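**Student:** Pasting final_11.cif here (mmCIF, C-alpha atoms and all ligand atoms):
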```cif
data_my_file
loop_
_atom_site.label_atom_id
_atom_site.label_comp_id
_atom_site.auth_asym_id
_atom_site.auth_seq_id
_atom_site.Cartn_x
_atom_site.Cartn_y
_atom_site.Cartn_z
CA MET V 13 -29.98 -8.71 -16.52
CA LEU V 14 -26.84 -6.90 -17.60
CA HIS V 15 -25.95 -6.18 -21.21
CA CYS V 16 -22.49 -6.66 -22.70
CA GLU V 17 -21.91 -2.91 -23.17
CA ASN V 18 -22.57 -2.39 -19.46
CA VAL V 19 -20.36 -5.26 -18.40
CA ARG V 20 -17.24 -4.58 -20.51
CA PRO V 21 -16.10 -1.34 -18.81
CA ASP V 22 -16.38 -3.05 -15.40
CA LEU V 23 -14.34 -6.11 -16.25
CA SER V 24 -11.03 -4.74 -14.95
CA ALA V 25 -12.70 -3.66 -11.72
CA TYR V 26 -14.24 -7.14 -11.53
CA LEU V 27 -10.77 -8.66 -11.95
CA ASP V 28 -9.46 -6.44 -9.14
CA ARG V 29 -12.51 -7.20 -6.95
CA GLU V 30 -13.29 -3.53 -6.75
CA LEU V 31 -17.05 -3.73 -7.32
CA PRO V 32 -19.83 -4.03 -4.78
CA ARG V 33 -20.81 -7.60 -4.02
CA TRP V 34 -24.16 -7.42 -5.84
CA LYS V 35 -22.43 -6.21 -9.03
CA MET V 36 -19.73 -8.88 -8.75
CA GLN V 37 -22.48 -11.49 -8.67
CA LEU V 38 -24.31 -10.01 -11.65
CA ILE V 39 -21.12 -9.90 -13.72
CA ARG V 40 -20.16 -13.40 -12.68
CA TRP V 41 -23.55 -14.60 -13.89
CA HIS V 42 -23.18 -12.68 -17.17
CA LEU V 43 -19.71 -14.13 -17.79
CA TYR V 44 -21.08 -17.57 -17.22
CA GLN V 45 -23.60 -17.02 -19.98
CA CYS V 46 -21.75 -14.77 -22.43
CA PRO V 47 -18.78 -16.26 -24.36
CA ARG V 48 -17.67 -12.90 -25.79
CA CYS V 49 -17.42 -11.12 -22.44
CA SER V 50 -15.91 -14.25 -20.96
CA HIS V 51 -13.21 -14.18 -23.67
CA GLU V 52 -12.59 -10.50 -22.99
CA MET V 53 -12.23 -11.31 -19.32
CA ALA V 54 -9.72 -14.06 -20.07
CA LEU V 55 -7.62 -11.60 -22.10
CA LEU V 56 -7.56 -9.13 -19.22
CA GLN V 57 -6.54 -11.90 -16.84
CA GLN V 58 -3.79 -12.93 -19.20
CA THR V 59 -2.48 -9.38 -19.45
CA ASP V 60 -2.42 -9.18 -15.68
CA GLU V 61 -0.61 -12.50 -15.48
CA ILE V 62 2.03 -11.33 -17.98
CA LEU V 63 2.59 -8.16 -15.95
CA HIS V 64 3.46 -10.35 -12.99
CA TRP V 65 6.32 -11.91 -14.95
CA LEU V 66 8.37 -8.87 -14.09
CA PRO V 67 10.54 -9.70 -11.10
CA VAL V 68 10.52 -7.73 -7.86
CA ARG V 69 13.70 -5.64 -7.62
CA ALA V 70 15.82 -6.45 -4.59
CA VAL V 71 16.74 -3.34 -2.65
CA GLU V 72 20.40 -2.77 -1.88
CA SER V 73 20.92 -3.51 1.78
CA ASP V 74 22.38 -0.12 2.68
CA LEU V 75 19.60 1.99 1.13
CA ALA V 76 17.77 2.51 4.43
CA HIS V 77 21.07 3.43 6.09
CA ARG V 78 21.84 6.01 3.40
CA ILE V 79 18.37 7.56 3.73
CA LEU V 80 18.71 7.80 7.51
CA GLN V 81 22.19 9.27 7.23
CA ARG V 82 20.97 12.02 4.92
CA ALA V 83 17.97 12.74 7.15
CA GLU V 84 20.16 12.93 10.24
CA ALA V 85 22.66 15.19 8.49
CA GLU V 86 19.87 17.60 7.59
CA ASN V 87 18.46 17.41 11.09
CA ARG V 88 21.83 18.24 12.67
CA LYS V 89 22.35 21.21 10.43
CA GLY V 90 18.95 22.53 11.38
CA VAL V 91 18.72 24.01 7.94
CA PRO V 92 15.40 25.77 7.40
CA ILE V 93 13.06 23.98 5.03
CA TRP V 94 13.20 26.51 2.24
CA LYS V 95 16.97 26.21 1.95
CA HIS V 96 17.05 22.52 1.20
CA SER V 97 13.63 22.18 -0.35
CA THR V 98 13.55 21.85 -4.10
CA SER V 99 9.88 22.77 -4.10
CA THR V 100 9.27 26.30 -5.30
CA VAL V 101 5.98 26.36 -3.44
CA THR V 102 7.63 25.50 -0.12
CA ARG V 103 10.28 28.16 -0.63
CA PHE V 104 7.69 30.73 -1.59
CA ARG V 105 5.51 29.85 1.41
CA TYR V 106 8.48 30.13 3.74
CA LEU V 107 9.51 33.50 2.36
CA LEU V 108 5.92 34.67 2.46
CA ARG V 109 5.67 33.69 6.11
CA GLN V 110 8.89 35.53 6.90
CA LYS V 111 7.67 38.62 5.07
CA ALA V 112 4.29 38.42 6.77
CA LEU V 113 5.99 38.29 10.18
CA ALA V 114 8.23 41.24 9.33
CA SER V 115 5.27 43.23 8.01
CA ALA V 116 3.22 42.46 11.12
CA PHE V 117 6.11 43.63 13.30
CA ALA V 118 6.49 46.84 11.27
CA ILE V 119 2.76 47.53 11.46
CA CYS V 120 2.74 47.02 15.24
CA LEU V 121 5.70 49.37 15.56
CA LEU V 122 4.00 52.02 13.42
CA ILE V 123 0.75 51.70 15.35
CA GLY V 124 2.65 52.07 18.64
CA LEU V 125 4.48 55.13 17.39
CA GLY V 126 1.24 56.59 16.05
CA ILE V 127 -0.52 56.14 19.38
CA THR V 128 2.35 57.73 21.28
CA LEU V 129 2.46 60.70 18.91
CA THR V 130 -1.29 61.16 18.92
CA GLN V 131 -1.36 61.10 22.69
CA SER V 132 1.34 63.71 22.95
CA VAL V 133 -0.37 65.98 20.38
CA MET V 134 -3.86 65.61 21.80
CA LYS V 135 -2.82 66.14 25.43
CA PRO V 136 -4.79 69.27 26.74
CA LYS V 137 -2.60 72.20 27.70
CA PRO V 138 -3.06 73.54 31.20
CA ALA V 139 -5.02 76.88 31.41
CA ALA V 140 -2.76 79.90 31.00
CA GLU V 141 -1.92 81.50 34.29
CA PRO V 142 -2.18 85.26 34.65
CA GLU V 143 1.03 86.86 33.72
CA VAL V 144 2.98 87.89 36.68
CA ARG V 145 5.06 90.89 36.19
CA VAL V 146 7.88 91.32 38.42
CA VAL V 147 8.34 94.90 38.90
CA GLN V 148 11.31 96.10 40.75
CA VAL V 149 10.19 98.74 42.96
CA ASP V 150 12.86 100.99 44.20
CA LEU V 151 12.05 101.98 47.58
CA ILE V 152 12.92 105.56 47.91
CA GLN V 153 13.88 106.29 51.34
CA GLU V 154 13.29 109.75 52.08
CA GLN V 155 16.41 111.22 53.27
CA PRO V 156 15.95 113.39 56.18
CA ALA V 157 16.37 116.87 55.14
CA ARG V 158 19.67 118.20 55.86
CA GLY V 159 19.46 120.79 58.54
CA TYR V 160 20.63 121.57 61.83
CA ILE V 161 20.16 119.55 64.69
CA LEU V 162 18.98 121.68 67.44
CA TYR V 163 19.75 120.76 70.94
CA MET Z 5 1.15 -4.83 18.32
CA ARG Z 6 1.89 -3.05 15.07
CA VAL Z 7 2.02 0.72 15.41
CA SER Z 8 0.11 2.43 12.61
CA ASP Z 9 1.94 4.50 10.00
CA GLU Z 10 0.00 7.58 11.05
CA GLU Z 11 1.06 7.13 14.68
CA LEU Z 12 4.70 6.76 13.58
CA MET Z 13 4.39 9.89 11.48
CA LEU Z 14 3.08 11.84 14.47
CA ARG Z 15 6.06 10.63 16.51
CA CYS Z 16 8.31 11.65 13.66
CA ARG Z 17 6.79 15.14 13.83
CA HIS Z 18 7.93 15.34 17.43
CA GLY Z 19 11.49 14.53 16.44
CA ASP Z 20 11.47 10.76 17.02
CA THR Z 21 13.95 9.52 14.41
CA SER Z 22 13.38 5.87 15.32
CA ALA Z 23 9.78 6.28 14.12
CA PHE Z 24 11.10 7.57 10.80
CA GLU Z 25 13.50 4.62 10.65
CA LEU Z 26 10.58 2.24 11.04
CA LEU Z 27 8.65 3.96 8.24
CA VAL Z 28 11.67 3.66 5.95
CA ALA Z 29 11.98 -0.04 6.79
CA ARG Z 30 8.29 -0.59 6.05
CA TYR Z 31 8.12 1.16 2.70
CA LYS Z 32 11.56 1.33 1.10
CA ASP Z 33 11.11 -1.85 -0.95
CA ALA Z 34 7.64 -0.86 -2.16
CA ILE Z 35 8.68 2.67 -3.13
CA LEU Z 36 11.86 1.51 -4.87
CA ASN Z 37 9.94 -1.05 -6.92
CA PHE Z 38 7.25 1.49 -7.72
CA ALA Z 39 9.85 4.00 -8.94
CA TYR Z 40 11.68 1.28 -10.83
CA ARG Z 41 8.50 0.23 -12.66
CA MET Z 42 7.92 3.85 -13.60
CA ILE Z 43 11.48 4.82 -14.57
CA HIS Z 44 13.12 1.50 -15.51
CA ASP Z 45 16.50 2.53 -14.17
CA TYR Z 46 17.64 1.16 -10.82
CA HIS Z 47 19.94 4.01 -9.83
CA ARG Z 48 17.48 6.73 -10.67
CA ALA Z 49 14.74 4.75 -8.92
CA GLU Z 50 16.99 4.66 -5.86
CA ASP Z 51 17.45 8.43 -6.03
CA VAL Z 52 13.70 8.89 -6.23
CA THR Z 53 13.24 6.58 -3.23
CA GLN Z 54 15.78 8.50 -1.15
CA GLU Z 55 14.24 11.85 -2.09
CA THR Z 56 10.73 10.56 -1.30
CA PHE Z 57 11.69 9.65 2.26
CA LEU Z 58 13.68 12.83 2.77
CA ARG Z 59 10.64 14.85 1.75
CA VAL Z 60 8.55 12.90 4.25
CA PHE Z 61 11.13 13.75 6.92
CA ARG Z 62 11.32 17.43 5.98
CA ASN Z 63 7.59 17.89 5.69
CA ALA Z 64 6.63 15.91 8.77
CA ASP Z 65 5.32 19.17 10.27
CA HIS Z 66 2.89 19.58 7.39
CA TYR Z 67 1.52 16.06 7.61
CA LYS Z 68 -2.15 15.98 8.60
CA PRO Z 69 -3.04 12.88 10.64
CA SER Z 70 -6.39 12.75 8.83
CA ALA Z 71 -4.56 11.83 5.59
CA LYS Z 72 -3.51 8.22 5.11
CA PHE Z 73 0.27 8.04 5.30
CA LYS Z 74 0.60 5.45 2.53
CA ASN Z 75 -1.34 7.60 0.07
CA TRP Z 76 0.72 10.67 0.98
CA LEU Z 77 3.93 8.68 0.49
CA TYR Z 78 2.84 7.43 -2.94
CA LEU Z 79 1.75 10.92 -3.90
CA ILE Z 80 5.26 12.23 -3.21
CA ALA Z 81 6.87 9.30 -5.02
CA ALA Z 82 4.51 9.62 -8.01
CA ASN Z 83 5.27 13.33 -8.37
CA LEU Z 84 9.01 12.68 -8.19
CA CYS Z 85 8.69 9.94 -10.81
CA LYS Z 86 6.76 12.28 -13.11
CA ASN Z 87 9.45 14.95 -12.68
CA GLU Z 88 12.16 12.41 -13.35
CA LEU Z 89 10.44 11.16 -16.49
CA ARG Z 90 10.01 14.71 -17.82
CA ARG Z 91 13.59 15.56 -17.02
CA CYS Z 92 14.68 12.40 -18.77
CA GLN Z 93 12.51 13.08 -21.81
CA ARG Z 94 14.07 16.54 -22.22
CA HIS Z 95 17.51 15.07 -21.79
CA GLN Z 96 16.73 12.17 -24.09
CA GLN Z 97 15.64 14.44 -26.89
CA THR Z 98 18.96 16.19 -26.90
CA SER Z 99 21.43 13.46 -26.21
CA LEU Z 100 20.01 9.97 -26.49
CA ASP Z 101 21.90 9.12 -29.62
CA ALA Z 102 25.19 10.32 -28.20
CA MET Z 103 24.63 8.45 -24.94
CA MET Z 104 23.72 5.21 -26.62
CA ALA Z 105 26.74 5.43 -28.86
CA GLU Z 106 29.09 6.07 -25.94
CA ASN Z 107 27.59 3.96 -23.21
CA THR Z 108 24.87 1.34 -23.62
CA ASP Z 109 24.48 1.26 -19.83
CA ALA Z 110 23.26 4.81 -19.64
CA TRP Z 111 19.64 4.50 -20.71
CA PRO Z 112 17.52 2.53 -20.46
CA ARG Z 113 19.51 0.14 -18.31
CA SER Z 114 16.83 -2.53 -18.22
CA LEU Z 115 16.45 -2.57 -21.98
CA THR Z 116 19.99 -3.85 -22.41
CA VAL Z 117 19.91 -7.63 -22.51
CA SER Z 118 23.07 -9.61 -22.28
CA THR Z 119 23.52 -11.97 -25.20
CA ASN Z 120 25.75 -14.30 -23.15
CA LEU Z 121 22.78 -15.80 -21.31
CA PRO Z 122 21.45 -19.33 -21.93
CA ASP Z 123 18.54 -19.45 -24.41
CA HIS Z 124 15.70 -19.83 -21.91
CA LEU Z 125 17.07 -17.04 -19.71
CA TYR Z 126 17.65 -14.86 -22.71
CA GLU Z 127 14.06 -15.43 -23.80
CA LYS Z 128 12.78 -14.61 -20.33
CA LYS Z 129 14.85 -11.42 -20.19
CA GLU Z 130 13.68 -10.46 -23.63
CA GLN Z 131 10.04 -10.93 -22.62
CA GLN Z 132 10.59 -8.81 -19.53
CA ARG Z 133 12.19 -6.14 -21.66
CA LEU Z 134 9.19 -6.12 -23.99
CA ILE Z 135 6.74 -5.91 -21.09
CA GLU Z 136 8.68 -2.99 -19.61
CA GLN Z 137 8.76 -1.33 -23.00
CA ALA Z 138 5.00 -1.79 -23.39
CA LEU Z 139 4.48 -0.21 -19.95
CA THR Z 140 6.52 2.84 -20.93
CA ARG Z 141 4.19 3.40 -23.91
CA LEU Z 142 1.16 3.91 -21.69
CA PRO Z 143 0.09 7.48 -20.88
CA GLU Z 144 1.54 8.61 -17.54
CA ASN Z 145 -1.61 8.37 -15.40
CA GLN Z 146 -2.63 5.02 -16.88
CA ARG Z 147 0.82 3.67 -16.13
CA LEU Z 148 0.77 5.04 -12.58
CA ALA Z 149 -2.67 3.58 -11.88
CA LEU Z 150 -1.83 0.19 -13.40
CA ILE Z 151 1.47 -0.09 -11.53
CA MET Z 152 -0.14 0.89 -8.25
CA VAL Z 153 -2.88 -1.72 -8.58
CA THR Z 154 -0.77 -4.52 -10.07
CA TYR Z 155 2.50 -4.31 -8.16
CA GLN Z 156 1.78 -2.16 -5.12
CA GLY Z 157 -1.58 -3.69 -4.26
CA LEU Z 158 -3.27 -0.32 -3.76
CA ARG Z 159 -7.06 -0.17 -3.80
CA TYR Z 160 -8.92 2.00 -6.29
CA ASP Z 161 -9.92 4.54 -3.63
CA GLU Z 162 -6.27 4.84 -2.53
CA ILE Z 163 -5.14 5.35 -6.14
CA ALA Z 164 -7.87 7.97 -6.58
CA ASP Z 165 -6.47 9.77 -3.53
CA VAL Z 166 -2.92 9.68 -4.93
CA LEU Z 167 -3.94 10.80 -8.43
CA ASN Z 168 -6.48 13.28 -7.07
CA CYS Z 169 -9.33 11.96 -9.18
CA SER Z 170 -12.54 9.96 -8.70
CA VAL Z 171 -12.71 6.20 -8.19
CA SER Z 172 -14.60 5.81 -11.46
CA ALA Z 173 -11.79 7.70 -13.24
CA VAL Z 174 -9.30 5.22 -11.75
CA LYS Z 175 -11.48 2.33 -12.91
CA SER Z 176 -11.44 3.73 -16.43
CA LEU Z 177 -7.66 4.44 -16.35
CA ILE Z 178 -6.86 0.89 -15.31
CA HIS Z 179 -9.21 -0.68 -17.84
CA ARG Z 180 -7.81 1.40 -20.71
CA ALA Z 181 -4.26 0.65 -19.55
CA ARG Z 182 -4.87 -3.11 -19.64
CA GLN Z 183 -6.51 -2.88 -23.04
CA GLY Z 184 -3.69 -0.76 -24.46
CA LEU Z 185 -1.07 -3.03 -23.01
CA ARG Z 186 -2.76 -6.07 -24.48
CA GLY Z 187 -2.47 -4.56 -27.96
CA TRP Z 188 1.26 -4.01 -27.61
CA LEU Z 189 1.82 -7.43 -26.10
CA VAL Z 190 0.06 -8.97 -29.10
CA GLN Z 191 2.38 -7.01 -31.40
CA SER Z 192 5.38 -8.25 -29.41
CA GLY Z 193 4.19 -11.85 -29.63
CA ILE Z 194 3.93 -12.33 -25.86
CA ARG Z 195 1.34 -14.81 -24.70
CA GLY Z 196 0.23 -15.86 -21.26
CA SER Z 197 -0.61 -19.34 -20.12
CA THR Z 198 -4.33 -18.82 -19.43
CA ASN Z 199 -6.93 -20.14 -21.81
CA ALA Z 200 -7.29 -17.21 -24.17
CA SER Z 201 -5.30 -16.08 -27.12
CA LEU Z 202 -4.07 -12.51 -26.95
ZN ZN V 301 -21.50 -10.12 -22.70
#
```
Please re-express this file's structure in structure tokens.

**Tutor:**
Amino acid sequence: MLHCENVRPDLSAYLDRELPRWKMQLIRWHLYQCPRCSHEMALLQQTDEILHWLPVRAVESDLAHRILQRAEAENRKGVPIWKHSTSTVTRFRYLLRQKALASAFAICLLIGLGITLTQSVMKPKPAAEPEVRVVQVDLIQEQPARGYILY
Amino acid sequence: MRVSDEELMLRCRHGDTSAFELLVARYKDAILNFAYRMIHDYHRAEDVTQETFLRVFRNADHYKPSAKFKNWLYLIAANLCKNELRRCQRHQQTSLDAMMAENTDAWPRSLTVSTNLPDHLYEKKEQQRLIEQALTRLPENQRLALIMVTYQGLRYDEIADVLNCSVSAVKSLIHRARQGLRGWLVQSGIRGSTNASL
């Protein structure tokens, strides 16, 4: 058996049929028995009825056309999101992504350069070859001693 | 066979503009009426509607098929309505008096009732004006929840998704909104036809 204080907060949900079936049945039974909650329910129904007095606004016939035109114009331009987006978050995310890409590229470049430099520094030098001295040796031809040739 | 909104959105992501066209055709009336109930100005409601669909188009890449398209669409529209209301409040504080003095059509359009109407029509218009006025007095989230359930036919779980809160919070928002509204309708002397006196 439900008490009034438990039923009241659920009356709007009951009106909107947003309660589980078992609870709908319990509330229906309570409303049948309780004039105060039943009156409260009638007031909520009346409020809902009054809200439906507002007419549905007719949409101007060319609204869809105007939306599509604007979408197509943006599509043709191929403008990046952050340029036409009014959302600060979108702009920030876009810029962040661009910066992240640039940073990643710079890091890769630095790593590449580092590896190249390290390799060239660490490369073992070939063992030093014995120094070869080129010595010009003047061959001294012994001149035959001047003398007489005896026949 | 009716193609689901989510399927159309996926096609839209792959550059199919006819899928986008179909989504616009399906939801333009609902979004315009939703914005109109929130803002009470047809032209600004139209702007919000256009911007809502353009955001869908621009952010198609970010759409996750696991999310229900309708909820995502209402989330965008609700945020734009909130922004518009805040912008309007700031503007109103500074220049409402001047605007009303210069141009009665400026704001709020729907609150201006023509006095050249026959009596019964005038009375009807006046009642509508009072109902709209009562709606504008509700706190923002109560108004959003009430409009979504009353005019848009959204379920509580869908509203909870749009407002990013629990279903029980939505239940409470809607109940408090109806109770608050009832008080203002009593003050305005509006009565329904059902068997209970407001
Ligand atoms: Zn009771």

**Student:** Considering only C-alpha atoms, state which residue in the set V:Ala118, V:Ala85, V:Leu129, V:Cys46 is at the smallest distance from chain Z.

**Tutor:**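 Nearest to chain Z: V:Ala85.
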
**Student:** For Trp65 of chain V, list every protein, DNA or RNA residue within 10 Å, evaluated using all atoms listed in the file, and leave out those in the same chain fewer than 4 positions away; present the list as an NGL selection string.

**Tutor:** (:V and (60-61)) or (:Z and (128 or 131-132 or 135 or 196))

**Student:** Given the point (-0.2, -6.8, -20.0) in the file's coordinates, find the residues that have an atom at most 9 Å from it, counting all atoms listed in the file, and give them as a ChimeraX atom specification.

**Tutor:** /V:56-64 /Z:135,138-139,181-189

**Student:** Using all atoms listed in the file, what does the table of chain V residues within 8 Å of ligand ZN 301 (chain V) look like, with each row giving the shortest atom pair and its distance in Å to one decimal, sorted by chain and ascending number, as a Markdown table?

**Tutor:**
```
| residue | atom | partner | partner_atom | distance |
| --- | --- | --- | --- | --- |
| V:His15 | CA | V:ZN301 | ZN | 6.1 |
| V:Cys16 | CA | V:ZN301 | ZN | 3.6 |
| V:Glu17 | CA | V:ZN301 | ZN | 7.2 |
| V:Val19 | CA | V:ZN301 | ZN | 6.6 |
| V:Arg20 | CA | V:ZN301 | ZN | 7.3 |
| V:His42 | CA | V:ZN301 | ZN | 6.3 |
| V:Leu43 | CA | V:ZN301 | ZN | 6.6 |
| V:Gln45 | CA | V:ZN301 | ZN | 7.7 |
| V:Cys46 | CA | V:ZN301 | ZN | 4.7 |
| V:Pro47 | CA | V:ZN301 | ZN | 6.9 |
| V:Arg48 | CA | V:ZN301 | ZN | 5.7 |
| V:Cys49 | CA | V:ZN301 | ZN | 4.2 |
| V:Ser50 | CA | V:ZN301 | ZN | 7.2 |
```

**Student:** Name the residues within 7 Å of (16.7, -1.7, 3.1), counting only C-alpha atoms in the file's coordinates, and put them as a short mmCIF file (atom, residue, chain, number, x, y, z; two decimals) with C-alpha atoms, in the frame of the given file.

**Tutor:**
```cif
data_model
loop_
_atom_site.label_atom_id
_atom_site.label_comp_id
_atom_site.auth_asym_id
_atom_site.auth_seq_id
_atom_site.Cartn_x
_atom_site.Cartn_y
_atom_site.Cartn_z
CA VAL V 71 16.74 -3.34 -2.65
CA GLU V 72 20.40 -2.77 -1.88
CA SER V 73 20.92 -3.51 1.78
CA ASP V 74 22.38 -0.12 2.68
CA LEU V 75 19.60 1.99 1.13
CA ALA V 76 17.77 2.51 4.43
CA ALA Z 29 11.98 -0.04 6.79
CA LYS Z 32 11.56 1.33 1.10
CA ASP Z 33 11.11 -1.85 -0.95
#
```

**Student:** Please produce, as a Markdown table, a per-residue contact table for chain Z versus chain V (criterion: any atom at most 9 Å away, all atoms listed in the file considered), showing the nearest atom pair and its distance in Å to one decimal, sorted by chain then residue number.

**Tutor:**
```
| residue | atom | partner | partner_atom | distance |
| --- | --- | --- | --- | --- |
| Z:Thr21 | CA | V:Glu84 | CA | 8.2 |
| Z:Phe24 | CA | V:Leu80 | CA | 8.3 |
| Z:Glu25 | CA | V:Leu80 | CA | 6.9 |
| Z:Val28 | CA | V:Ala76 | CA | 6.4 |
| Z:Ala29 | CA | V:Ala76 | CA | 6.8 |
| Z:Lys32 | CA | V:Ala76 | CA | 7.1 |
| Z:Asp33 | CA | V:Val71 | CA | 6.1 |
| Z:Leu36 | CA | V:Val71 | CA | 7.2 |
| Z:Asn37 | CA | V:Arg69 | CA | 6.0 |
| Z:Tyr40 | CA | V:Arg69 | CA | 7.9 |
| Z:Tyr46 | CA | V:Arg69 | CA | 8.5 |
| Z:Glu50 | CA | V:Leu75 | CA | 7.9 |
| Z:Thr53 | CA | V:Ile79 | CA | 8.7 |
| Z:Gln54 | CA | V:Ile79 | CA | 5.6 |
| Z:Glu55 | CA | V:Ile79 | CA | 8.3 |
| Z:Phe57 | CA | V:Ile79 | CA | 7.2 |
| Z:Leu58 | CA | V:Ala83 | CA | 6.1 |
| Z:Arg59 | CA | V:Ser97 | CA | 8.2 |
| Z:Phe61 | CA | V:Ala83 | CA | 6.9 |
| Z:Arg62 | CA | V:Ile93 | CA | 6.8 |
| Z:Asn63 | CA | V:Ile93 | CA | 8.2 |
| Z:Lys128 | CA | V:Trp65 | CA | 8.8 |
| Z:Gln131 | CA | V:Trp65 | CA | 8.6 |
| Z:Gln132 | CA | V:Leu66 | CA | 5.9 |
| Z:Arg133 | CA | V:Leu66 | CA | 8.9 |
| Z:Ile135 | CA | V:Leu63 | CA | 7.0 |
| Z:Glu136 | CA | V:Leu66 | CA | 8.1 |
| Z:Val153 | CA | V:Asp28 | CA | 8.1 |
| Z:Thr154 | CA | V:Asp60 | CA | 7.5 |
| Z:Tyr155 | CA | V:His64 | CA | 7.8 |
| Z:Arg159 | CA | V:Glu30 | CA | 7.7 |
| Z:Tyr160 | CA | V:Glu30 | CA | 7.1 |
| Z:Lys175 | CA | V:Ala25 | CA | 6.2 |
| Z:Ser176 | CA | V:Pro21 | CA | 7.3 |
| Z:Ile178 | CA | V:Ser24 | CA | 7.0 |
| Z:His179 | CA | V:Ser24 | CA | 5.3 |
| Z:Arg180 | CA | V:Pro21 | CA | 8.9 |
| Z:Arg182 | CA | V:Leu56 | CA | 6.6 |
| Z:Gln183 | CA | V:Leu56 | CA | 7.4 |
| Z:Leu185 | CA | V:Thr59 | CA | 7.4 |
| Z:Arg186 | CA | V:Thr59 | CA | 6.0 |
| Z:Leu189 | CA | V:Thr59 | CA | 8.2 |
| Z:Ile194 | CA | V:Ile62 | CA | 8.2 |
| Z:Arg195 | CA | V:Ile62 | CA | 7.6 |
| Z:Gly196 | CA | V:Gln58 | CA | 5.4 |
| Z:Ser197 | CA | V:Gln58 | CA | 7.2 |
| Z:Thr198 | CA | V:Gln58 | CA | 5.9 |
| Z:Asn199 | CA | V:Ala54 | CA | 6.9 |
| Z:Ala200 | CA | V:Ala54 | CA | 5.7 |
| Z:Ser201 | CA | V:Leu55 | CA | 7.1 |
| Z:Leu202 | CA | V:Leu55 | CA | 6.1 |
```

**Student:** Suppose you want the space between atom CA of Gln137 of chain Z and atom CA of Tyr31 of chain Z; what is it in Å?

**Tutor:**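 These two atoms are separated by 25.8 Å.
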
**Student:** One number please: atom CA of Leu142 of chain Z to atom CA of Met36 of chain V, in Å, one decimal.

**Tutor:**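 It comes out at 27.7 Å.
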
**Student:** For a test of reading the model, state the distance in Å between atom CA of Ile151 of chain Z and atom CA of Val166 of chain Z, rounded to one decimal.

**Tutor:**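 Taking atom CA of Ile151 of chain Z and atom CA of Val166 of chain Z, their separation equals 12.6 Å.
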
**Student:** What's the 12 Å shell around Leu148 of chain Z, counting all atoms listed in the file, without same-chain residues fewer than 2 positions away, as a ChimeraX atom specification?

**Tutor:** /Z:38-43,78-79,81-83,85-86,139-146,150-156,158,160,163-164,166-167,174,177-178,181

**Student:** Counting only C-alpha atoms, which of Z:Val52, Z:Cys16, Z:Val171, Z:Leu125 gets nearest to Tyr67 of chain Z?

**Tutor:** Z:Cys16
